[in-house]
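Enquirer: This is the content of model_38.cif (mmCIF, C-alpha atoms):
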data_my_file
loop_
_atom_site.label_atom_id
_atom_site.label_comp_id
_atom_site.auth_asym_id
_atom_site.auth_seq_id
_atom_site.Cartn_x
_atom_site.Cartn_y
_atom_site.Cartn_z
CA MET J 61 -15.08 -21.62 9.82
CA ARG J 62 -17.82 -19.63 11.50
CA THR J 63 -20.64 -18.70 9.18
CA PRO J 64 -21.51 -16.58 7.36
CA TYR J 65 -18.44 -15.95 5.24
CA PHE J 66 -17.65 -14.94 1.68
CA ILE J 67 -15.71 -17.17 -0.72
CA PHE J 68 -13.67 -15.27 -3.32
CA LYS J 69 -12.95 -17.27 -6.50
CA PRO J 70 -10.03 -15.63 -8.37
CA VAL J 71 -10.23 -18.20 -11.19
CA VAL J 72 -13.80 -17.13 -11.93
CA LEU J 73 -12.83 -13.44 -11.86
CA GLU J 74 -9.99 -14.09 -14.29
CA ARG J 75 -12.26 -16.06 -16.62
CA LYS J 76 -14.84 -13.26 -16.67
CA TYR J 77 -12.15 -10.67 -17.37
CA PHE J 78 -10.78 -12.63 -20.33
CA GLU J 79 -14.31 -13.14 -21.67
CA PHE J 80 -14.92 -9.39 -21.59
CA ASP J 81 -11.44 -8.50 -22.86
CA ASN J 82 -11.69 -10.92 -25.80
CA LEU J 83 -14.95 -9.33 -26.93
CA CYS J 84 -13.33 -5.89 -26.69
CA LYS J 85 -10.51 -7.09 -28.93
CA LYS J 86 -12.96 -8.63 -31.39
CA TYR J 87 -15.06 -5.51 -31.89
CA PHE J 88 -12.85 -2.49 -31.17
CA LYS J 89 -9.34 -1.41 -32.08
CA ASN J 90 -8.77 0.89 -29.08
CA TYR J 91 -10.45 0.26 -25.75
CA ILE J 92 -9.94 0.62 -22.01
CA ILE J 93 -11.48 -1.60 -19.34
CA ALA J 94 -11.95 0.47 -16.16
CA TYR J 95 -13.29 -1.64 -13.30
CA SER J 96 -15.71 0.34 -11.10
CA VAL J 97 -14.22 0.21 -7.60
CA LYS J 98 -17.60 0.73 -5.91
CA THR J 99 -18.77 -2.68 -7.14
CA ASN J 100 -16.39 -4.61 -4.89
CA SER J 101 -13.22 -3.06 -3.46
CA TYR J 102 -11.81 -6.19 -1.81
CA PRO J 103 -7.99 -5.86 -2.29
CA GLY J 104 -7.76 -9.35 -3.80
CA VAL J 105 -10.16 -8.30 -6.55
CA MET J 106 -8.31 -5.06 -7.22
CA LYS J 107 -4.86 -6.66 -7.37
CA SER J 108 -6.08 -9.49 -9.60
CA LEU J 109 -7.66 -7.09 -12.10
CA ASP J 110 -4.63 -4.82 -12.11
CA ARG J 111 -2.42 -7.81 -12.95
CA LEU J 112 -4.75 -8.69 -15.82
CA GLY J 113 -4.44 -5.16 -17.23
CA SER J 114 -7.62 -3.51 -16.03
CA GLY J 115 -7.85 0.19 -15.30
CA PHE J 116 -10.11 1.58 -12.58
CA ASP J 117 -13.08 3.90 -12.18
CA SER J 118 -13.34 5.65 -8.81
CA ALA J 119 -16.03 7.81 -7.23
CA SER J 120 -14.26 9.22 -4.14
CA ILE J 121 -10.84 9.97 -2.70
CA ASP J 122 -10.95 6.74 -0.69
CA GLU J 123 -11.55 4.72 -3.85
CA MET J 124 -8.81 6.61 -5.69
CA LYS J 125 -6.36 5.80 -2.90
CA MET J 126 -7.32 2.11 -3.13
CA THR J 127 -5.93 2.13 -6.69
CA SER J 128 -2.63 3.85 -5.80
CA PHE J 129 -0.68 0.66 -6.57
CA SER J 130 -1.84 0.61 -10.20
CA LYS J 131 -0.10 2.19 -13.18
CA ASN J 132 -3.04 1.47 -15.50
CA LYS J 133 -5.57 4.05 -16.72
CA LYS J 134 -7.72 5.54 -13.98
CA PHE J 135 -10.89 7.64 -14.10
CA PHE J 136 -12.64 9.81 -11.52
CA ASN J 137 -16.43 10.12 -11.78
CA GLY J 138 -19.18 11.42 -9.52
CA PRO J 139 -21.56 14.35 -8.95
CA CYS J 140 -20.04 15.55 -5.66
CA LYS J 141 -16.31 15.92 -6.19
CA THR J 142 -14.69 18.01 -3.44
CA ILE J 143 -11.72 20.34 -3.80
CA ASP J 144 -9.49 17.84 -1.97
CA GLU J 145 -10.65 15.00 -4.22
CA LEU J 146 -10.03 17.05 -7.36
CA LYS J 147 -6.56 18.03 -6.15
CA TYR J 148 -5.74 14.38 -5.49
CA ALA J 149 -7.10 13.31 -8.89
CA ILE J 150 -5.12 15.99 -10.73
CA LYS J 151 -1.91 15.26 -8.83
CA ASN J 152 -2.22 11.52 -9.47
CA ASN J 153 -3.12 11.74 -13.17
CA PHE J 154 -6.72 10.55 -13.02
CA ILE J 155 -8.88 11.30 -16.03
CA ILE J 156 -11.71 13.42 -14.64
CA ASN J 157 -15.19 13.23 -16.13
CA VAL J 158 -16.78 16.47 -14.92
CA ASP J 159 -20.39 16.65 -13.81
CA SER J 160 -21.17 20.38 -13.49
CA LEU J 161 -20.06 23.91 -14.32
CA SER J 162 -19.17 24.29 -10.64
CA GLU J 163 -16.73 21.44 -10.97
CA ILE J 164 -15.07 22.98 -14.01
CA GLY J 165 -14.61 26.18 -12.01
CA LYS J 166 -12.98 24.28 -9.14
CA ILE J 167 -10.58 22.54 -11.52
CA ALA J 168 -9.66 25.93 -13.01
CA GLU J 169 -8.90 27.28 -9.55
CA ILE J 170 -6.63 24.31 -8.82
CA THR J 171 -4.79 24.38 -12.16
CA GLU J 172 -4.40 28.19 -12.05
CA GLY J 173 -4.51 28.67 -15.80
CA ILE J 174 -2.24 25.77 -16.71
CA PRO J 175 -3.76 23.84 -19.66
CA PHE J 176 -5.79 20.84 -18.53
CA GLU J 177 -7.97 18.20 -20.18
CA ILE J 178 -11.29 16.74 -18.99
CA GLY J 179 -14.15 14.53 -20.02
CA ILE J 180 -17.77 15.65 -19.71
CA ARG J 181 -20.59 13.44 -18.47
CA VAL J 182 -23.72 13.62 -20.63
CA SER J 183 -27.18 12.66 -19.37
CA PHE J 184 -30.12 11.76 -21.62
CA LYS J 185 -32.70 11.65 -18.85
CA GLU J 186 -33.58 13.78 -15.85
CA SER J 187 -31.21 12.99 -12.99
CA LYS J 188 -28.58 14.51 -10.70
CA PHE J 189 -25.81 13.28 -13.01
CA GLY J 190 -23.99 15.11 -15.77
CA PHE J 191 -25.14 17.74 -18.25
CA GLU J 192 -28.24 17.78 -20.40
CA ALA J 193 -27.16 17.11 -23.98
CA ILE J 194 -28.35 20.57 -25.07
CA LYS J 195 -26.12 22.21 -22.43
CA VAL J 196 -22.88 20.39 -23.23
CA LYS J 197 -21.77 23.04 -25.74
CA GLU J 198 -22.04 25.67 -22.99
CA ALA J 199 -19.90 23.49 -20.71
CA ILE J 200 -17.25 23.00 -23.41
CA GLU J 201 -17.06 26.73 -24.08
CA TYR J 202 -16.91 27.60 -20.38
CA ALA J 203 -14.11 25.09 -19.89
CA LEU J 204 -12.16 26.54 -22.83
CA SER J 205 -12.50 30.01 -21.32
CA ARG J 206 -10.66 28.61 -18.27
CA ASN J 207 -7.96 26.93 -20.43
CA ILE J 208 -9.54 23.48 -20.00
CA LYS J 209 -10.00 21.32 -23.08
CA THR J 210 -12.64 18.60 -23.48
CA LYS J 211 -11.01 15.34 -24.60
CA GLY J 212 -13.87 12.86 -24.14
CA PHE J 213 -17.43 12.17 -23.06
CA HIS J 214 -18.90 9.90 -20.42
CA PHE J 215 -22.28 8.19 -20.75
CA HIS J 216 -23.75 5.84 -18.15
CA ALA J 217 -27.37 4.74 -18.28
CA GLY J 218 -27.62 2.48 -15.24
CA THR J 219 -27.08 -1.14 -14.22
CA GLN J 220 -28.44 -4.56 -15.27
CA LEU J 221 -29.69 -3.00 -18.53
CA SER J 222 -31.79 -5.08 -20.91
CA LEU J 223 -30.51 -5.22 -24.49
CA GLN J 224 -33.37 -2.91 -25.54
CA GLN J 225 -32.47 -0.35 -22.87
CA PHE J 226 -28.80 -0.58 -23.83
CA GLU J 227 -29.60 -0.13 -27.53
CA LYS J 228 -31.73 2.94 -26.82
CA ASN J 229 -28.88 4.54 -24.88
CA VAL J 230 -26.35 3.74 -27.62
CA ILE J 231 -28.63 5.31 -30.25
CA GLU J 232 -28.86 8.50 -28.16
CA THR J 233 -25.08 8.45 -27.67
CA ALA J 234 -24.44 8.10 -31.42
CA LYS J 235 -26.87 10.94 -32.16
CA PHE J 236 -25.10 13.17 -29.65
CA LEU J 237 -21.63 12.38 -30.99
CA LYS J 238 -22.68 13.39 -34.51
CA SER J 239 -23.18 16.92 -33.17
CA ILE J 240 -19.55 17.13 -31.97
CA ASP J 241 -17.35 18.87 -34.52
CA PHE J 242 -13.90 18.25 -33.02
CA PRO J 243 -11.84 15.07 -32.49
CA ILE J 244 -12.08 13.35 -29.10
CA ASP J 245 -9.74 10.89 -27.41
CA TYR J 246 -12.28 8.67 -25.71
CA ILE J 247 -15.94 7.73 -25.31
CA ASP J 248 -16.76 6.29 -21.90
CA ILE J 249 -20.01 4.32 -22.19
CA GLY J 250 -19.98 3.37 -18.50
CA GLY J 251 -21.27 0.01 -17.33
CA GLY J 252 -24.75 -1.44 -17.35
CA PHE J 253 -23.78 -4.90 -18.57
CA PRO J 254 -25.86 -7.55 -16.78
CA ASP J 255 -24.26 -10.33 -14.77
CA LYS J 256 -24.32 -13.96 -15.91
CA PHE J 257 -27.59 -14.84 -14.17
CA HIS J 258 -29.44 -11.81 -15.50
CA LEU J 259 -28.13 -12.38 -19.04
CA HIS J 260 -29.57 -15.89 -18.85
CA ASN J 261 -32.93 -14.58 -17.61
CA LEU J 262 -33.00 -12.02 -20.43
CA GLY J 263 -32.17 -14.69 -23.03
CA VAL J 264 -29.21 -12.76 -24.44
CA THR J 265 -25.41 -12.94 -24.38
CA LEU J 266 -22.76 -10.37 -23.59
CA GLU J 267 -21.74 -10.49 -27.24
CA ASP J 268 -25.20 -9.26 -28.23
CA TYR J 269 -24.38 -6.02 -26.38
CA PHE J 270 -21.06 -5.67 -28.18
CA LYS J 271 -22.65 -6.28 -31.58
CA THR J 272 -25.25 -3.60 -30.83
CA LEU J 273 -22.58 -1.15 -29.74
CA MET J 274 -20.35 -1.77 -32.76
CA GLU J 275 -23.20 -1.55 -35.28
CA ILE J 276 -24.64 1.71 -33.95
CA LEU J 277 -21.67 3.58 -32.53
CA LYS J 278 -19.52 4.49 -35.52
CA ILE J 279 -16.32 5.88 -34.03
CA SER J 280 -12.90 6.71 -35.35
CA PRO J 281 -10.29 3.94 -34.89
CA LYS J 282 -8.21 6.59 -33.11
CA THR J 283 -10.88 7.08 -30.44
CA SER J 284 -10.75 4.78 -27.42
CA ILE J 285 -13.94 3.30 -26.03
CA VAL J 286 -14.01 2.98 -22.25
CA PHE J 287 -15.98 0.25 -20.44
CA GLU J 288 -16.82 0.08 -16.73
CA PRO J 289 -17.88 -3.58 -16.34
CA GLY J 290 -17.86 -3.95 -12.57
CA ARG J 291 -20.91 -6.15 -12.09
CA PHE J 292 -20.23 -8.48 -15.02
CA LEU J 293 -16.68 -9.16 -13.84
CA VAL J 294 -17.22 -9.80 -10.17
CA SER J 295 -20.83 -10.95 -9.59
CA ASP J 296 -20.26 -14.69 -9.72
CA ALA J 297 -16.68 -14.53 -8.41
CA PHE J 298 -18.08 -14.52 -4.84
CA ASP J 299 -20.33 -16.86 -2.87
CA ILE J 300 -21.61 -16.69 0.71
CA ILE J 301 -21.69 -19.74 2.97
CA SER J 302 -24.45 -19.55 5.57
CA LYS J 303 -26.01 -21.90 8.14
CA VAL J 304 -29.66 -22.73 8.80
CA HIS J 305 -30.20 -22.02 12.50
CA VAL J 306 -33.98 -22.18 12.83
CA ILE J 307 -36.80 -24.00 11.03
CA LYS J 308 -40.20 -22.73 12.09
CA LYS J 309 -43.79 -22.76 10.94
CA ASN J 310 -45.66 -19.51 11.18
CA TYR J 311 -49.27 -19.34 9.98
CA ASP J 312 -49.22 -21.26 6.68
CA ASP J 313 -45.53 -20.78 5.87
CA THR J 314 -42.34 -22.59 6.82
CA TYR J 315 -39.36 -20.36 7.48
CA ALA J 316 -35.68 -21.28 7.34
CA ILE J 317 -33.76 -18.62 9.22
CA ILE J 318 -30.12 -18.36 8.23
CA ASP J 319 -27.28 -16.22 9.57
CA ALA J 320 -26.88 -14.08 6.43
CA GLY J 321 -29.65 -11.56 5.91
CA ILE J 322 -30.13 -8.27 4.13
CA ASN J 323 -27.15 -7.01 6.13
CA VAL J 324 -24.94 -8.83 3.57
CA LEU J 325 -27.43 -9.59 0.78
CA SER J 326 -28.57 -6.05 0.10
CA LYS J 327 -31.70 -5.65 -2.00
CA ILE J 328 -30.32 -2.46 -3.51
CA SER J 329 -27.54 -4.51 -5.12
CA LEU J 330 -30.20 -5.51 -7.72
CA SER J 331 -28.66 -8.98 -7.85
CA LYS J 332 -30.53 -12.25 -8.25
CA PHE J 333 -29.12 -14.63 -5.67
CA LYS J 334 -29.03 -18.39 -6.16
CA PHE J 335 -29.56 -20.54 -3.06
CA SER J 336 -28.50 -24.17 -2.79
CA LYS J 337 -27.89 -26.65 0.00
CA LEU J 338 -24.42 -28.14 0.35
CA ASN J 339 -24.27 -31.94 0.21
CA ASP J 340 -27.86 -32.13 -1.03
CA LYS J 341 -28.75 -35.84 -1.32
CA ARG J 342 -31.64 -35.17 -3.71
CA ILE J 343 -34.24 -36.87 -1.56
CA GLU J 344 -37.82 -37.08 -2.76
CA ARG J 345 -39.29 -35.26 0.20
CA LYS J 346 -39.46 -31.57 -0.67
CA GLN J 347 -41.22 -28.48 0.55
CA GLU J 348 -41.00 -24.74 0.11
CA TYR J 349 -39.25 -22.55 2.65
CA ILE J 350 -39.14 -18.81 3.02
CA LEU J 351 -35.47 -17.97 3.55
CA ALA J 352 -35.05 -15.19 6.08
CA GLY J 353 -32.10 -13.56 7.79
CA PRO J 354 -31.33 -12.98 11.47
CA LEU J 355 -32.04 -9.24 11.72
CA LEU J 356 -34.82 -7.68 13.75
CA PHE J 357 -36.46 -6.26 10.63
CA GLY J 358 -39.62 -7.62 9.09
CA ASN J 359 -38.25 -7.14 5.59
CA ASP J 360 -35.21 -9.35 6.25
CA VAL J 361 -36.51 -11.93 3.80
CA LEU J 362 -34.20 -13.23 1.06
CA GLY J 363 -36.23 -15.52 -1.16
CA ARG J 364 -37.65 -19.02 -1.39
CA TYR J 365 -36.04 -22.43 -1.46
CA THR J 366 -37.63 -25.73 -2.47
CA GLY J 367 -36.03 -28.85 -1.03
CA PHE J 368 -35.63 -30.27 2.44
CA LEU J 369 -33.80 -28.43 5.21
CA ASN J 370 -32.80 -29.24 8.76
CA GLU J 371 -31.36 -26.95 11.38
CA GLY J 372 -27.59 -27.00 10.97
CA ASP J 373 -27.65 -27.40 7.18
CA ILE J 374 -25.20 -25.28 5.21
CA MET J 375 -26.38 -23.10 2.33
CA ARG J 376 -24.35 -21.71 -0.56
CA ILE J 377 -25.54 -18.37 -1.93
CA GLU J 378 -24.18 -17.52 -5.37
CA ASN J 379 -23.90 -14.31 -7.40
CA VAL J 380 -23.04 -12.09 -4.43
CA GLY J 381 -19.88 -10.41 -5.76
CA ALA J 382 -21.47 -7.14 -6.89
CA TYR J 383 -22.02 -4.61 -4.07
CA CYS J 384 -22.78 -7.17 -1.31
CA TYR J 385 -19.28 -6.95 0.20
CA ASN J 386 -19.09 -3.15 -0.05
CA LEU J 387 -22.65 -2.57 1.16
CA ALA J 388 -22.55 -5.04 4.05
CA TRP J 389 -23.88 -3.46 7.24
CA GLU J 390 -22.29 -3.96 10.61
CA ILE J 391 -25.59 -3.87 12.48
CA SER J 392 -25.96 -6.52 15.19
CA TYR J 393 -23.37 -8.62 13.32
CA ARG J 394 -19.87 -8.03 12.01
CA LYS J 395 -19.07 -7.96 8.32
CA PRO J 396 -18.40 -11.53 7.15
CA LYS J 397 -14.80 -12.53 6.54
CA ILE J 398 -13.49 -13.58 3.13
CA ILE J 399 -11.67 -16.80 2.35
CA ILE J 400 -9.99 -17.38 -1.00
CA GLU J 401 -10.81 -20.49 -3.00
CA ARG J 402 -7.59 -22.13 -4.15
#
Could you render the structure from this file as structure tokens?

Expert:
Amino acid sequence: MRTPYFIFKPVVLERKYFEFDNLCKKYFKNYIIAYSVKTNSYPGVMKSLDRLGSGFDSASIDEMKMTSFSKNKKFFNGPCKTIDELKYAIKNNFIINVDSLSEIGKIAEITEGIPFEIGIRVSFKESKFGFEAIKVKEAIEYALSRNIKTKGFHFHAGTQLSLQQFEKNVIETAKFLKSIDFPIDYIDIGGGFPDKFHLHNLGVTLEDYFKTLMEILKISPKTSIVFEPGRFLVSDAFDIISKVHVIKKNYDDTYAIIDAGINVLSKISLSKFKFSKLNDKRIERKQEYILAGPLLFGNDVLGRYTGFLNEGDIMRIENVGAYCYNLAWEISYRKPKIIIER
């Protein structure tokens, strides 16, 4: 098959889901796994996770429509929800985590006084997302004045969080929840769980995150905890196969130019990619190569590889499941195809 191309490994995806689900069962009585569609919306991923019991977290009307086949729990998040998106979410029974007073007003216009329930996103740091913790009470009261009841809260601190960063966020979450004097149906802690490679680099396990969450976040057994583990589930369920087309020396460096560059291995994915040569015979002769892509951009550099390469060699690039497929550019080259590993 013409390179580059993605390999989707459903067995790996299923194994990661069961690993996450088993930890949920171990530490919490009520929980919801809501896969974040933005992480990788390949239909094979979505259908596999739906079959396993996962819900979904969407950030746009297009993403919501991608989950139309699923009867599992579905959430709608984002700071720029349009009227059309809110209408679609309400009609199709999405749980909406609101991000602004403006959004509450739009929901009230759509529901026309009919009772409705929402979640509220809370932010503990300066950003475009959610409400400052000190302004949440105002949002709850404004919503009530429009016949909209708050049933949960959404917290999301970022991605690839260290255990220390995660713990800090959970402590702030617990402190905030102590100030709430009415029962809530769910607490959505978002994602942030590192992928397998980053967990290894940090020297921690996924269970360390669950222990931290359980020990700090004292919640009622009746309250569901919502997880959005997109990256952890799908990162190592995809590889890219790429070919070395050019070996060249330039100044004091040796470059290996392959046909997958930052057009499919986006730096904003925050993933650590692992490069290996297929059919590597482990010869003694080794040198260091700068791996670079085919684009006409000086920053199209992917990393370094130590070994021995010839033009025509095939490289496997691992840990590309999170964001690489969704963020792939079609600039100069078409988006790589996906084959499924059987």

Enquirer: For the file shown, what are the residues hit by the PyMOL selection byres ((chain J and resi 221) around 10), laid out as an mmCIF file with C-alpha atoms, in the coordinates of the input?

Expert:
data_model
loop_
_atom_site.group_PDB
_atom_site.id
_atom_site.type_symbol
_atom_site.label_atom_id
_atom_site.label_comp_id
_atom_site.auth_asym_id
_atom_site.auth_seq_id
_atom_site.Cartn_x
_atom_site.Cartn_y
_atom_site.Cartn_z
ATOM 1 C CA ALA J 217 -27.370 4.740 -18.280
ATOM 2 C CA GLY J 218 -27.620 2.480 -15.240
ATOM 3 C CA THR J 219 -27.080 -1.140 -14.220
ATOM 4 C CA GLN J 220 -28.440 -4.560 -15.270
ATOM 5 C CA SER J 222 -31.790 -5.080 -20.910
ATOM 6 C CA LEU J 223 -30.510 -5.220 -24.490
ATOM 7 C CA GLN J 224 -33.370 -2.910 -25.540
ATOM 8 C CA GLN J 225 -32.470 -0.350 -22.870
ATOM 9 C CA PHE J 226 -28.800 -0.580 -23.830
ATOM 10 C CA GLU J 227 -29.600 -0.130 -27.530
ATOM 11 C CA ASN J 229 -28.880 4.540 -24.880
ATOM 12 C CA GLY J 251 -21.270 0.010 -17.330
ATOM 13 C CA GLY J 252 -24.750 -1.440 -17.350
ATOM 14 C CA PHE J 253 -23.780 -4.900 -18.570
ATOM 15 C CA PRO J 254 -25.860 -7.550 -16.780
ATOM 16 C CA ASP J 255 -24.260 -10.330 -14.770
ATOM 17 C CA HIS J 258 -29.440 -11.810 -15.500
ATOM 18 C CA LEU J 259 -28.130 -12.380 -19.040
ATOM 19 C CA LEU J 262 -33.000 -12.020 -20.430
ATOM 20 C CA TYR J 269 -24.380 -6.020 -26.380
#

Enquirer: If we draw a sphere of 12 Å around (-21.2, 5.5, -22.5), which residues have at least one atom in it when counting all atoms listed in the file? Please report them as a ChimeraX atom specification.

Expert: /J:157,179-184,212-218,226-234,236-237,246-253,273,277,284-289

Enquirer: Kindly export the residues of the current selection with C-alpha atoms, as a compact mmCIF listing (two decimals), in the frame of the given file.

Expert:
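Listed below is the output, out_11.txt:
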# COMPACT_ATOMS: atom_id res chain seq x y z
CA ASN J 157 -15.19 13.23 -16.13
CA GLY J 179 -14.15 14.53 -20.02
CA ILE J 180 -17.77 15.65 -19.71
CA ARG J 181 -20.59 13.44 -18.47
CA VAL J 182 -23.72 13.62 -20.63
CA SER J 183 -27.18 12.66 -19.37
CA PHE J 184 -30.12 11.76 -21.62
CA GLY J 212 -13.87 12.86 -24.14
CA PHE J 213 -17.43 12.17 -23.06
CA HIS J 214 -18.90 9.90 -20.42
CA PHE J 215 -22.28 8.19 -20.75
CA HIS J 216 -23.75 5.84 -18.15
CA ALA J 217 -27.37 4.74 -18.28
CA GLY J 218 -27.62 2.48 -15.24
CA PHE J 226 -28.80 -0.58 -23.83
CA GLU J 227 -29.60 -0.13 -27.53
CA LYS J 228 -31.73 2.94 -26.82
CA ASN J 229 -28.88 4.54 -24.88
CA VAL J 230 -26.35 3.74 -27.62
CA ILE J 231 -28.63 5.31 -30.25
CA GLU J 232 -28.86 8.50 -28.16
CA THR J 233 -25.08 8.45 -27.67
CA ALA J 234 -24.44 8.10 -31.42
CA PHE J 236 -25.10 13.17 -29.65
CA LEU J 237 -21.63 12.38 -30.99
CA TYR J 246 -12.28 8.67 -25.71
CA ILE J 247 -15.94 7.73 -25.31
CA ASP J 248 -16.76 6.29 -21.90
CA ILE J 249 -20.01 4.32 -22.19
CA GLY J 250 -19.98 3.37 -18.50
CA GLY J 251 -21.27 0.01 -17.33
CA GLY J 252 -24.75 -1.44 -17.35
CA PHE J 253 -23.78 -4.90 -18.57
CA LEU J 273 -22.58 -1.15 -29.74
CA LEU J 277 -21.67 3.58 -32.53
CA SER J 284 -10.75 4.78 -27.42
CA ILE J 285 -13.94 3.30 -26.03
CA VAL J 286 -14.01 2.98 -22.25
CA PHE J 287 -15.98 0.25 -20.44
CA GLU J 288 -16.82 0.08 -16.73
CA PRO J 289 -17.88 -3.58 -16.34

Enquirer: Using the chain letters and numbers from the file, give me the residues hit by the PyMOL selection byres ((chain J and resi 308) around 12), as a PyMOL selection string.

Expert: chain J and resi 304-307+309-318+349-352+369-371

Enquirer: When you look at stretch 153-155 of chain J with a cut-off of 12 Å (counting all atoms listed in the file), what residues show up, excluding the ones that are within fewer than 6 positions of it in the same chain? I need them as an MDAnalysis selection string.

Expert: chainID J and resid 94 115:121 123:125 127:128 130:137 145:147 176:180 210:214 245:246 248 286

Enquirer: For the atom pair atom CA of J:Tyr87 and atom CA of J:Met274, what is the interatomic distance in Å to one decimal place?

Expert: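 Here the two named atoms are 6.5 Å from each other.
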
Enquirer: For the atom pair atom CA of J:Gly381 and atom CA of J:Val294, what is the interatomic distance in Å to one decimal place?

Expert: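 Pair atom CA of J:Gly381 / atom CA of J:Val294 returns 5.2 Å.
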
Enquirer: What gap, in Å, lies between atom CA of J:Leu73 and atom CA of J:Val97?

Expert: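 Computing the Euclidean distance for atom CA of J:Leu73 and atom CA of J:Val97 yields 14.4 Å.
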
Enquirer: List the spatial neighbours of J:Cys84 as a list of chain:residue names - criterion: any atom at most 10 Å away, all atoms listed in the file, same-chain residues fewer than 2 positions off excluded.

Expert: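 The filter keeps J:Phe78, J:Glu79, J:Phe80, J:Asp81, J:Asn82, J:Lys86, J:Tyr87, J:Phe88, J:Lys89, J:Asn90, J:Tyr91, J:Ile92, J:Ile93, J:Glu267, J:Phe270, J:Ile285, J:Val286, J:Phe287.
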
Enquirer: Taking the file as shown, find all residues satisfying the PyMOL selection byres ((chain J and resi 169) around 12) and write them as JSON, numbers by chain.

Expert: {"J": [143, 146, 147, 150, 162, 163, 164, 165, 166, 167, 168, 170, 171, 172, 173, 174, 175, 176, 203, 206, 207, 208]}

Enquirer: Please identify all polymer residues within 12 Å of J:Lys337, counting only C-alpha atoms, omitting same-chain residues fewer than 3 positions from it, and present them as a list in words.

Expert: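 What passes the distance filter is Ile300, Ile301, Ser302, Lys303, Val304, Ala316, Ile318, Lys334, Asp340, Lys341, Arg342, Tyr365, Thr366, Gly367, Phe368, Leu369, Asn370, Glu371, Gly372, Asp373, Ile374, Met375, Arg376, Ile377 and Glu378 of chain J.
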
Enquirer: Restricting the calculation to all atoms listed in the file, which member of J:Gly290, J:Pro243, J:Gly263, J:Pro70 is positioned closest to J:Ser96?

Expert: J:Gly290

Enquirer: Counting all atoms listed in the file, select every polymer residue within 9 Å of (-32.2, -11.5, -3.5) as defined in the file's coordinates, and provide the selection as a ChimeraX atom specification.

Expert: /J:322,325-327,329-334,361-363

Enquirer: Output as JSON the centre and edge lengths (Å, one decimal) of the box along x, y and z of the file that holds every listed atom of stretch 76-85 of chain J after adding 8 Å on each side.

Expert:
{"center_x": -12.7, "center_y": -9.6, "center_z": -22.8, "size_x": 20.4, "size_y": 23.4, "size_z": 28.3}

Enquirer: May I ask which of the residues J:Thr63, J:Glu348, J:Asp122, J:Asn152 is the closest one to J:Ser101, counting all atoms listed in the file?

Expert: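 Selected residue with least distance to J:Ser101: J:Asp122.
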
Enquirer: With distances taken over all atoms listed in the file, which residue among J:Ser336, J:Leu355, J:Asp296, J:Ala193 lies nearest J:Trp389?

Expert: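 Looking at the shortest contact to J:Trp389, the residue is J:Leu355.
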
Enquirer: Using all atoms listed in the file, which residue out of J:Phe189, J:Tyr65, J:Phe298, J:Phe357 lies closest to J:Arg394?

Expert: J:Tyr65
